[in-house]
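Colleague: Dropping the structure in here first, questions after.
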Amino acid sequence: MKVFEIAYTFCEPGLPVVYKRVRKILTSIAKTCTTRPRFLDIGGRKSHYTIGVPADITITDLPRNSAIQHRLHLGINQEIANTIRARRSNVDSVLIDDMTRSCLRNDSFDCAVAVEVLEHVDDDATFVREVKRVLKPKGTFLMTTPNGDFVKNINPDHKRHYRRHELEALLRCEFDSVQVRYASPSTKSYKMALRSWSLAQPVQTLLTYVGGVINSLEDRFAPQTADGVGMQELIAVSRKSA
């Protein structure tokens, strides 16, 4: 592992819940593979949640062109791609690709992950269908998205926020096995954990770290309610048939 990866892993207890959950699931999937697996991170930009995962990671994203992409830090450019390659040891490639009309080959990846991506996509049905196409038989699709049962959509680039049953229905159109759960309790610690990290602001950084630790504990013991009230995220795990 490179210095950046070691530092990130050291700081992991204070990171947002969804990143830690995704990294844990990805690591578990990778360890079940008999040979070193290939993972696809769709819309991953810097793909921090794949750090340390024992797999060869391909990152794909749209080019960063529009004003709203720049303002919301969406998409990638050559500078971002170069930074990723310099910092990471398990990233195999960084590609410009649109998952609704992907150039990736059929049956290429053991796992695909999309963290906070699907809510940005107009043609979500085609996106999910293309994910299934590029996965190997028995491959896994792991994704997160804002919880539409609780979180209002005020983001100018979000096409929709899915309610739990809506996301399950969308994924079941392509995948035989689908599990969707709520995550990230919406508490004071959750909001603390979303603040930026900066060496120039050590007190804020410390509070951000503490918020992440506390919110992880809250998430671990939070009950899975039927309506999802009070939870920020949906985490879905879908599996392709053999």
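The chains in the structure tokens are called A, B, ... from first to last as shown; in each chain the residues are counted from 1, and the ligands are counted from 1 in the order shown.
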As an MDAnalysis selection string, which residues of region 88-230 of chain A does DSSP assign to helix (DSSP H, G or I)?
Modeller: chainID A and resid 99:101 118:120 124:134 164:172 188:193 202:221
Colleague: Any idea what's packed within 7 Å of region 92-104 of chain A, counting only C-alpha atoms, ignoring anything in its chain fewer than 3 positions away? Could you give it as a PyMOL selection string?
Modeller: chain A and resi 56-63+81+123+126-127+130+134
Colleague: With C-alpha atoms retained, could you export that selection as a PDB file, in the first residue's frame?
Modeller:
```pdb
ATOM      1  CA  ASP A  56      -7.949  -4.883  -9.263  1.00  0.00           C
ATOM      2  CA  ILE A  57     -10.116  -1.776  -9.489  1.00  0.00           C
ATOM      3  CA  THR A  58     -11.338  -0.160 -12.705  1.00  0.00           C
ATOM      4  CA  ILE A  59     -12.775   3.322 -12.116  1.00  0.00           C
ATOM      5  CA  THR A  60     -15.170   4.808 -14.657  1.00  0.00           C
ATOM      6  CA  ASP A  61     -16.870   8.197 -14.684  1.00  0.00           C
ATOM      7  CA  LEU A  62     -18.213  10.874 -16.972  1.00  0.00           C
ATOM      8  CA  PRO A  63     -15.898  13.696 -18.078  1.00  0.00           C
ATOM      9  CA  ALA A  81      -6.987  10.469 -13.055  1.00  0.00           C
ATOM     10  CA  ASP A 123     -32.080   6.413 -17.685  1.00  0.00           C
ATOM     11  CA  THR A 126     -30.589   1.085 -18.804  1.00  0.00           C
ATOM     12  CA  PHE A 127     -27.877   1.795 -16.232  1.00  0.00           C
ATOM     13  CA  GLU A 130     -25.685  -2.455 -18.383  1.00  0.00           C
ATOM     14  CA  VAL A 134     -20.650  -6.349 -17.564  1.00  0.00           C
TER      15      VAL A 134
END
```
Colleague: Counting only C-alpha atoms, which of A:Cys111, A:Gly230, A:Ile80, A:Lys191 gets nearest to Gly148 (chain A)?
Modeller: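 Ranking A:Cys111, A:Gly230, A:Ile80, A:Lys191 by distance to Gly148 (chain A), first place goes to A:Gly230.
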Colleague: Which value, in Å to one decimal, gives the distance between CA of Val210 (chain A) and CA of Gly14 (chain A)?
Modeller: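 Atom-to-atom, CA of Val210 (chain A) and CA of Gly14 (chain A) are spaced 6.1 Å apart.
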Colleague: For CA of Leu118 (chain A) and CA of Ser186 (chain A), determine how far apart the two atoms are, in Å to one decimal place.
Modeller: 20.9 Å
Colleague: Do you have the CA of Tyr209 (chain A)-CA of Ala86 (chain A) distance handy?
Modeller: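 For CA of Tyr209 (chain A) relative to CA of Ala86 (chain A), the distance reads 25.4 Å.
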Colleague: Here is a test: counting only C-alpha atoms, which residue of A:Val178, A:Ala242, A:Leu234, A:Val53 is nearest to Thr9 (chain A)?
Modeller: A:Val53
Colleague: As a list in words, please: the residues near Arg160 (chain A) (cut-off 12 Å, only C-alpha atoms, same-chain neighbours under 6 positions excluded).
Modeller: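 Answer for this query is Glu116, Val117, Leu118, Glu119, His120, Val121, Asp122, Asp123, Asp124, Thr145, Pro146, Asn147, Gly148, Asp149, Val151, Lys152, Asn153, Ile154, Glu166 and Leu167 of chain A.
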Colleague: Might you pull out every residue within 10 Å of Met192 (chain A), with only C-alpha atoms counted and same-chain residues fewer than 3 positions away left off, and present them as a PyMOL selection string?
Modeller: chain A and resi 16+187-189+195-196+204-212+214-215
